[in-house]
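Peer 1: What follows is a single structure, and I will ask about it in a moment.
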Amino acid sequence: MRIDDGVFAYGGGWLDRAGALRADGDRMAALRADERSVVLPLWRDRCLVTAENVPVRLNGVDAARVLAAADETVFLGLDGGVAVFGADLSEHSEADGLALTGAVSTVDVRKLAGHLAPAEAAAQAYARGLFYWHRQQRWCGSCGAVATAGGGGHVRVCSGAECGRLLFPRIEPAVIVLVQSPDADRCLLARHAGAAEGSYSTLAGFVEVGESLEDAVRREMAEEVGVEVTDLAYQGSQAWPFPAGLMVAFRATAASVEVKVDGVELLEACWFTRDELEMRAAAGWLGRVDSIDSHLLGSWLATGRTA
């Protein structure tokens, strides 16, 4: 799922994040009180949706009621000058969350992404990632004191008298890789632990401390499938706040076709020709609809068609 300028799902949101406003308490209070301001409510990382399976967007007295009841609120930015806030209702029961917002159910944003406008999917994922971080960062990691939210929900401040550390949301970068054979006629896909029989995907892994992105690609491919790779080529990146990822995509070429899976994260790895991948695509599978891996697979197929 991409938007017109080539940005992948959950990126390219059209909100002005207006970072300079976050530290202005008076301005934040005024925007919260503005009846035009929009509130996107979430419950335990799930969107609250209408009967049409559309995420609820509230303003006026409805927005004020939800903001007052929220466990945490975050300022997401401005949309044409109108403030957009997220409201986390996770400490309420699901039934109470539905009643507060007029929603009929809760749904994971990843199940909605293929049906939402790109900007809506981006805003929902943005709020989801921030709320997850808030729930995981209630205490200071240095002194153990309670950390309180500030900066429009984009910072938590340690309350320790001798600490006062500022805590910011963390991003966990990962690489995702389309590995092609030395002759570029096949690509390597793997079945992960827990995946159904016959379910294959591209290879991915987290970047470790002290590693470049390219180092991470080489290490992950060697560890997971025993393959040395060369000719690394950057393909794009994708916001992936589930809970805090940034997916950085590469294409690489294997030095040989011999593979050896680790048996822990991966159960098997197989080389697929373009014809085989085309058949899987015709059957309705070419990666997740909302993930950059679908672009990696689709672009590799397209390269073969034009070669």
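Residue numbering restarts at 1 in every chain; chains get A, B, ... in the order shown in the structure tokens, and ligands count up from 1 in that same order.
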List the spatial neighbours of Arg46 of chain A as number ranges by chain - criterion: any atom at most 10 Å away, only C-alpha atoms, same-chain residues fewer than 4 positions off excluded.
Peer 2: A: 41-42, 55, 88-90, 105-110, 124-125, 128
Peer 1: Create the file for the chosen residues now, containing all heavy atoms and written as a short mmCIF file (atom, residue, chain, number, x, y, z; two decimals), in the first residue's frame.
Peer 2:
```cif
data_model
loop_
_atom_site.label_atom_id
_atom_site.label_comp_id
_atom_site.auth_asym_id
_atom_site.auth_seq_id
_atom_site.Cartn_x
_atom_site.Cartn_y
_atom_site.Cartn_z
N PRO A 41 -9.62 8.34 19.40
CA PRO A 41 -9.52 7.48 20.58
C PRO A 41 -8.98 6.10 20.23
O PRO A 41 -9.28 5.55 19.17
CB PRO A 41 -10.97 7.41 21.06
CG PRO A 41 -11.78 7.53 19.81
CD PRO A 41 -11.00 8.43 18.87
N LEU A 42 -8.16 5.54 21.12
CA LEU A 42 -7.67 4.17 20.98
C LEU A 42 -7.89 3.44 22.29
O LEU A 42 -7.96 4.05 23.36
CB LEU A 42 -6.19 4.14 20.61
CG LEU A 42 -5.83 4.48 19.16
CD1 LEU A 42 -5.69 5.98 18.97
CD2 LEU A 42 -4.53 3.80 18.77
N PRO A 55 -12.43 4.35 11.63
CA PRO A 55 -12.02 4.86 12.94
C PRO A 55 -12.81 6.09 13.36
O PRO A 55 -13.09 6.98 12.56
CB PRO A 55 -10.54 5.21 12.72
CG PRO A 55 -10.10 4.30 11.63
CD PRO A 55 -11.28 4.21 10.71
N ASP A 88 -5.96 7.84 24.83
CA ASP A 88 -5.83 6.43 25.19
C ASP A 88 -6.82 6.08 26.29
O ASP A 88 -6.79 6.64 27.39
CB ASP A 88 -4.40 6.16 25.67
CG ASP A 88 -4.12 4.67 25.85
OD1 ASP A 88 -4.98 3.86 25.45
OD2 ASP A 88 -3.07 4.33 26.39
N LEU A 89 -7.69 5.13 25.99
CA LEU A 89 -8.72 4.70 26.94
C LEU A 89 -8.43 3.29 27.49
O LEU A 89 -9.34 2.59 27.92
CB LEU A 89 -10.09 4.72 26.27
CG LEU A 89 -10.53 6.08 25.72
CD1 LEU A 89 -11.83 5.95 24.93
CD2 LEU A 89 -10.69 7.10 26.85
N SER A 90 -7.17 2.91 27.49
CA SER A 90 -6.80 1.54 27.82
C SER A 90 -7.16 1.11 29.23
O SER A 90 -7.38 -0.08 29.49
CB SER A 90 -5.29 1.34 27.61
OG SER A 90 -4.96 1.45 26.25
N SER A 105 -17.00 -1.25 17.87
CA SER A 105 -16.02 -2.31 18.10
C SER A 105 -14.62 -1.72 18.08
O SER A 105 -14.42 -0.54 17.77
CB SER A 105 -16.13 -3.42 17.05
OG SER A 105 -15.86 -2.93 15.76
N THR A 106 -13.64 -2.58 18.43
CA THR A 106 -12.24 -2.18 18.35
C THR A 106 -11.53 -3.09 17.35
O THR A 106 -11.83 -4.28 17.27
CB THR A 106 -11.55 -2.29 19.72
OG1 THR A 106 -11.54 -3.65 20.15
CG2 THR A 106 -12.26 -1.42 20.75
N VAL A 107 -10.60 -2.51 16.58
CA VAL A 107 -9.93 -3.25 15.52
C VAL A 107 -8.47 -2.84 15.46
O VAL A 107 -8.14 -1.66 15.63
CB VAL A 107 -10.58 -2.99 14.14
CG1 VAL A 107 -9.89 -3.79 13.04
CG2 VAL A 107 -12.07 -3.32 14.17
N ASP A 108 -7.58 -3.79 15.20
CA ASP A 108 -6.16 -3.48 15.01
C ASP A 108 -6.00 -2.66 13.73
O ASP A 108 -6.56 -3.02 12.69
CB ASP A 108 -5.37 -4.79 14.89
CG ASP A 108 -3.86 -4.58 14.95
OD1 ASP A 108 -3.37 -3.59 14.35
OD2 ASP A 108 -3.17 -5.40 15.56
N VAL A 109 -5.23 -1.58 13.81
CA VAL A 109 -5.06 -0.72 12.64
C VAL A 109 -4.47 -1.48 11.45
O VAL A 109 -4.74 -1.17 10.30
CB VAL A 109 -4.18 0.51 12.97
CG1 VAL A 109 -2.75 0.11 13.31
CG2 VAL A 109 -4.19 1.52 11.83
N ARG A 110 -3.69 -2.54 11.72
CA ARG A 110 -3.09 -3.30 10.61
C ARG A 110 -4.15 -4.03 9.79
O ARG A 110 -3.93 -4.32 8.62
CB ARG A 110 -2.04 -4.27 11.15
CG ARG A 110 -0.76 -3.58 11.58
CD ARG A 110 0.21 -4.53 12.25
NE ARG A 110 -0.27 -4.90 13.57
CZ ARG A 110 0.45 -5.63 14.43
NH1 ARG A 110 1.64 -6.05 14.11
NH2 ARG A 110 -0.03 -5.92 15.62
N GLN A 124 -3.32 6.96 12.87
CA GLN A 124 -3.68 5.92 13.82
C GLN A 124 -2.44 5.18 14.32
O GLN A 124 -2.30 4.89 15.51
CB GLN A 124 -4.67 4.94 13.18
CG GLN A 124 -6.04 5.51 12.89
CD GLN A 124 -6.88 5.69 14.14
OE1 GLN A 124 -6.64 5.06 15.17
NE2 GLN A 124 -7.89 6.55 14.06
N ALA A 125 -1.53 4.85 13.40
CA ALA A 125 -0.31 4.14 13.78
C ALA A 125 0.59 5.02 14.65
O ALA A 125 1.22 4.54 15.60
CB ALA A 125 0.43 3.67 12.54
N ARG A 128 -0.88 5.08 18.09
CA ARG A 128 -0.69 3.76 18.69
C ARG A 128 0.72 3.61 19.24
O ARG A 128 0.93 3.12 20.36
CB ARG A 128 -0.97 2.68 17.65
CG ARG A 128 -0.90 1.25 18.15
CD ARG A 128 -0.92 0.30 16.96
NE ARG A 128 -1.12 -1.09 17.32
CZ ARG A 128 -0.19 -1.91 17.78
NH1 ARG A 128 1.04 -1.45 17.98
NH2 ARG A 128 -0.47 -3.17 18.05
#
```
Peer 1: Need the shell around Gly129 of chain A: protein/DNA/RNA residues with any atom at most 8 Å away, counting only C-alpha atoms. Skip same-chain ones fewer than 6 positions apart. Format as a list in words?
Peer 2: Pro241, Phe242, Pro243 and Ala244 of chain A
Peer 1: Please provide as a list in words all residues within 12 Å of Gly160 of chain A, with the sequence filter that same-chain residues fewer than 2 positions apart are discarded (counting only C-alpha atoms).
Peer 2: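 After dropping sequence-adjacent residues, the list is Trp139, Cys140, Gly141, Ser142, Cys143, Gly144, Ala145, Val146, Ala147, Thr148, Val157, Cys158, Glu162, Cys163, Gly164, Arg165 and Leu166 of chain A.
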Peer 1: Which parts of segment 70-211 of chain A does DSSP call strand (DSSP E) when run on the backbone here, written out as a PyMOL selection string?
Peer 2: chain A and resi 72-79+82-88+105-107+147-150+155-158+166-167+172-180+186-192+203-206
Peer 1: Show me, as a PDB file with N, CA, C and O atoms, in the first residue's frame, the residues that have an atom within 8 Å of Ala63 of chain A when counting only C-alpha atoms, minus same-chain residues fewer than 4 positions from it.
Peer 2:
```
ATOM      1  N   GLU A  35     -13.289  23.633  20.197  1.00  0.00           N
ATOM      2  CA  GLU A  35     -14.314  22.676  19.757  1.00  0.00           C
ATOM      3  C   GLU A  35     -14.052  22.126  18.360  1.00  0.00           C
ATOM      4  O   GLU A  35     -14.619  21.106  17.968  1.00  0.00           O
ATOM      5  N   SER A  37     -11.064  21.024  17.448  1.00  0.00           N
ATOM      6  CA  SER A  37     -10.009  20.021  17.564  1.00  0.00           C
ATOM      7  C   SER A  37     -10.582  18.613  17.436  1.00  0.00           C
ATOM      8  O   SER A  37     -11.693  18.333  17.878  1.00  0.00           O
ATOM      9  N   VAL A  38      -9.793  17.743  16.822  1.00  0.00           N
ATOM     10  CA  VAL A  38     -10.215  16.370  16.549  1.00  0.00           C
ATOM     11  C   VAL A  38      -9.505  15.423  17.518  1.00  0.00           C
ATOM     12  O   VAL A  38      -8.308  15.587  17.800  1.00  0.00           O
ATOM     13  N   VAL A  39     -10.232  14.434  18.001  1.00  0.00           N
ATOM     14  CA  VAL A  39      -9.659  13.426  18.893  1.00  0.00           C
ATOM     15  C   VAL A  39      -9.812  12.047  18.260  1.00  0.00           C
ATOM     16  O   VAL A  39     -10.901  11.672  17.812  1.00  0.00           O
ATOM     17  N   LEU A  58     -13.601  12.409  16.742  1.00  0.00           N
ATOM     18  CA  LEU A  58     -14.523  13.193  17.561  1.00  0.00           C
ATOM     19  C   LEU A  58     -14.092  14.651  17.629  1.00  0.00           C
ATOM     20  O   LEU A  58     -12.900  14.963  17.588  1.00  0.00           O
ATOM     21  N   ASN A  59     -15.071  15.533  17.765  1.00  0.00           N
ATOM     22  CA  ASN A  59     -14.776  16.932  18.076  1.00  0.00           C
ATOM     23  C   ASN A  59     -15.889  17.483  18.963  1.00  0.00           C
ATOM     24  O   ASN A  59     -16.814  16.753  19.338  1.00  0.00           O
ATOM     25  N   LEU A  67     -11.395  13.316  26.049  1.00  0.00           N
ATOM     26  CA  LEU A  67     -10.126  13.827  26.573  1.00  0.00           C
ATOM     27  C   LEU A  67     -10.127  13.824  28.097  1.00  0.00           C
ATOM     28  O   LEU A  67      -9.115  13.499  28.728  1.00  0.00           O
TER      29      LEU A  67
END
```
Peer 1: Could you give me, as CSV, every segment 101-163 of chain A residue with an atom at most 12 Å from segment 27-34 of chain A, plus its closest atom pair and distance in Å to one decimal, counting only C-alpha atoms, rows ordered by chain then number?
Peer 2:
```
residue,atom,partner,partner_atom,distance
A:Gly150,CA,A:Met28,CA,10.5
A:Gly151,CA,A:Met28,CA,9.0
A:Gly152,CA,A:Met28,CA,7.0
A:Gly153,CA,A:Met28,CA,10.5
```
Peer 1: Those same residues - C-alpha atoms - I'd like them written as a short mmCIF file (atom, residue, chain, number, x, y, z; two decimals), in the first residue's frame.
Peer 2:
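File written: again16.cif
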```cif
data_model
loop_
_atom_site.label_atom_id
_atom_site.label_comp_id
_atom_site.auth_asym_id
_atom_site.auth_seq_id
_atom_site.Cartn_x
_atom_site.Cartn_y
_atom_site.Cartn_z
CA GLY A 150 4.82 16.38 29.12
CA GLY A 151 5.55 18.09 25.84
CA GLY A 152 2.18 17.29 24.34
CA GLY A 153 2.78 13.61 25.06
#
```
Peer 1: Could you check which of A:His92, A:Arg251, A:Lys260, A:His115 is closest to Asp293 of chain A, using only C-alpha atoms?
Peer 2: A:Arg251
Peer 1: Need to verify the contact set: Val82 of chain A, 7 Å, only C-alpha atoms, exclusion of same-chain residues closer than 3 positions in sequence. Can you return it as an mmCIF file with N, CA, C and O atoms, in the first residue's frame?
Peer 2:
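Here's the written file selection.cif:
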```
data_model
loop_
_atom_site.group_PDB
_atom_site.id
_atom_site.type_symbol
_atom_site.label_atom_id
_atom_site.label_comp_id
_atom_site.auth_asym_id
_atom_site.auth_seq_id
_atom_site.Cartn_x
_atom_site.Cartn_y
_atom_site.Cartn_z
ATOM 1 N N ARG A 36 -13.160 22.760 17.609
ATOM 2 C CA ARG A 36 -12.813 22.250 16.277
ATOM 3 C C ARG A 36 -11.801 21.110 16.346
ATOM 4 O O ARG A 36 -11.675 20.336 15.394
ATOM 5 N N SER A 37 -11.064 21.024 17.448
ATOM 6 C CA SER A 37 -10.009 20.021 17.564
ATOM 7 C C SER A 37 -10.582 18.613 17.436
ATOM 8 O O SER A 37 -11.693 18.333 17.878
ATOM 9 N N LEU A 78 -1.203 19.313 13.543
ATOM 10 C CA LEU A 78 -2.233 20.172 12.972
ATOM 11 C C LEU A 78 -2.620 19.674 11.590
ATOM 12 O O LEU A 78 -1.766 19.326 10.778
ATOM 13 N N ASP A 79 -3.903 19.660 11.319
ATOM 14 C CA ASP A 79 -4.422 19.288 10.006
ATOM 15 C C ASP A 79 -5.162 20.502 9.462
ATOM 16 O O ASP A 79 -6.296 20.777 9.845
#
```
Peer 1: Give me, as number ranges by chain, the residues of segment 54-125 of chain A that a backbone DSSP run labels alpha helix (DSSP H).
Peer 2: A: 60-69, 94-101, 109-112, 118-125
Peer 1: Excluding Ala103 of chain A and any residue of its chain fewer than 4 positions from it, enumerate the residues within 6 Å of it, using only C-alpha atoms, and give them as a ChimeraX atom specification.
Peer 2: /A:48-50,98
Peer 1: With only C-alpha atoms as the counted atoms, please give the residues lying no more than 10 Å from segment 233-240 of chain A, apart from itself and same-chain residues fewer than 3 positions off, as a VMD selection string.
Peer 2: chain A and resid 6 to 12 122 125 to 126 129 171 to 178 213 to 214 230 243 to 253 290 to 293 295 to 296 299
Peer 1: Counting only C-alpha atoms, figure out which residue out of A:Ala222, A:Val54, A:Leu100, A:Ala70 gets nearest to Phe85 of chain A.
Peer 2: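 Looking only at the distances to Phe85 of chain A, the closest residue turns out to be A:Ala70.
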Peer 1: Select, from A:Ala64, A:Leu188, A:Leu286, A:Ala127, the residue with the minimum atom-to-atom distance to Thr202 of chain A, counting only C-alpha atoms.
Peer 2: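 Residue with the minimum atom-to-atom distance to Thr202 of chain A: A:Leu188.
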Peer 1: What does the distance between atom CA of His192 of chain A and atom CA of Arg218 of chain A come to in Å, to one decimal place?
Peer 2: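 Between atom CA of His192 of chain A and atom CA of Arg218 of chain A the gap works out to 18.7 Å.
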